[in-house]
Structures are given as structure tokens and as C-alpha cells.
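Structure first, commentary second.
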Amino acid sequence: MAYREAAASAAGNEQTALLERALAANPYWSRIRVELSQLVPPLTGARQLEAGLRYEPQSVPLLSALGLCHARLGNVKQAAAYLRLALQYDHYDRDNQTGAIMTMARLA
């Protein structure tokens, strides 16, 4: 928890390192995985997020972030699959719906 709090006020490589320490201390914490996935290269982020699915296979934030990582990598089929699955688990979240539509429109 202390690493996560310290990362909130850090920037750049220091923030990434603190989030990695926080994740190592608590691999079950999906929020850290999602935050970290936005700071590291997309392939690294996707691997970290996929590892988190072991603990929370139906986590909408993990699935959405995975979709975004694969979109950044240009993996259209995987991006669509993860975004679709996230929407399936939480089909009432309008922000999630809008984000998925915008991401897929950019890939089209």
C-alpha cells in the first residue's frame, strides 16, 4: 500500500518502479496492474494484465485495459475480444461502452 501511495505523487521511471514494487508485494491488486499498464510498453502491460486474470478472470477494469493494450499493439481481434468480454460482464457501464466504441472506431 505504501508503494502505491508513493507512486501517486511520483512521476516517470520512479512512478513505474514504485508501482512494480506495489504489484510484487500484492499481485492480487488489479488497480495497480491497470495503472502500471498505462506506463509501460503495451506488450509488457498486456502480459501484466493477463497475469492478473488468474486472480480476477471477470474483472472489467482488467479486461478493458487489456483491450486497450492490444489496441495500442494493433491486435484488432484480441482488442475486440477483450473489450467485448468487458462489456458482457458490465453491460450497463456507459463510459465503458463509449470507450470500447471509440477504441474500435480508431482501429477500423
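Ligands are numbered from 1 in the order shown, chains are lettered A, B, ... in the order of the C-alpha cells, and residues start at 1 in each chain.
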For Ala71 in chain A, please output as a PyMOL selection string all residues within 12 Å (counting only C-alpha atoms; exclusion window: fewer than 3 positions along the same chain).
chain A and resi 42-43+45-46+64-68+74-83+99-108
Dump C-alpha atoms for the selected residues as a tab-separated table (two decimals), in the first residue's frame?
chain	number	residue	atom	x	y	z
A	42	PRO	CA	1.88	-2.15	-24.42
A	43	LEU	CA	3.25	-5.70	-24.66
A	45	GLY	CA	1.30	-4.09	-19.91
A	46	ALA	CA	-0.71	-6.78	-21.67
A	64	SER	CA	-10.91	-3.18	-20.62
A	65	ALA	CA	-7.26	-2.32	-20.04
A	66	LEU	CA	-6.24	-5.48	-21.90
A	67	GLY	CA	-8.40	-4.41	-24.81
A	68	LEU	CA	-6.70	-1.00	-24.83
A	74	GLY	CA	-2.62	-3.10	-33.33
A	75	ASN	CA	-4.04	-6.53	-32.41
A	76	VAL	CA	-7.56	-5.79	-33.57
A	77	LYS	CA	-9.06	-9.23	-32.93
A	78	GLN	CA	-7.69	-9.50	-29.40
A	79	ALA	CA	-8.62	-5.91	-28.59
A	80	ALA	CA	-12.18	-6.53	-29.75
A	81	ALA	CA	-12.41	-9.80	-27.84
A	82	TYR	CA	-11.29	-8.28	-24.54
A	83	LEU	CA	-13.44	-5.17	-24.94
A	99	GLY	CA	-14.59	3.84	-24.62
A	100	ALA	CA	-14.90	0.49	-26.38
A	101	ILE	CA	-16.69	2.05	-29.34
A	102	MET	CA	-14.13	4.84	-29.65
A	103	THR	CA	-11.21	2.40	-29.45
A	104	MET	CA	-12.68	0.11	-32.09
A	105	ALA	CA	-13.52	3.07	-34.34
A	106	ARG	CA	-9.88	4.21	-34.21
A	107	LEU	CA	-8.76	0.70	-35.16
A	108	ALA	CA	-11.23	0.41	-38.04
Please provide the set of residues having any atom within 7 Å of range 27-31 of chain A, restricted to only C-alpha atoms, with same-chain residues fewer than 4 positions apart removed, written as a PyMOL selection string.
chain A and resi 23+35+52+55+62
For CA of Gln48 in chain A and CA of Tyr92 in chain A, quote the distance in Å rounded to one decimal.
26.5 Å
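Nearest to Ala86 in chain A of all the residues A:Leu49, A:Ala22, A:Val60, A:Cys69 is A:Val60, based on only C-alpha atoms.
Shortest separation to Ala51 in chain A among A:Leu73, A:Leu63, A:Ala25, A:Leu19 occurs at residue A:Leu63, atoms counted being only C-alpha atoms.
For the pair CA of Val40 in chain A and CA of Ala24 in chain A, the interatomic distance is 15.5 Å.
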Per DSSP on the backbone, what are the alpha helix (DSSP H) residues of range 21-89 of chain A, as number ranges by chain?
A: 21-25, 30-37, 42-52, 60-73, 76-89
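Each of A:Leu53, A:Ala2, A:Ile32, A:Leu87 was checked against Thr16 in chain A using only C-alpha atoms; the smallest atom-to-atom distance is that of A:Ile32.
Between CA of Gln97 in chain A and CA of Gln38 in chain A lies a distance of 19.4 Å.
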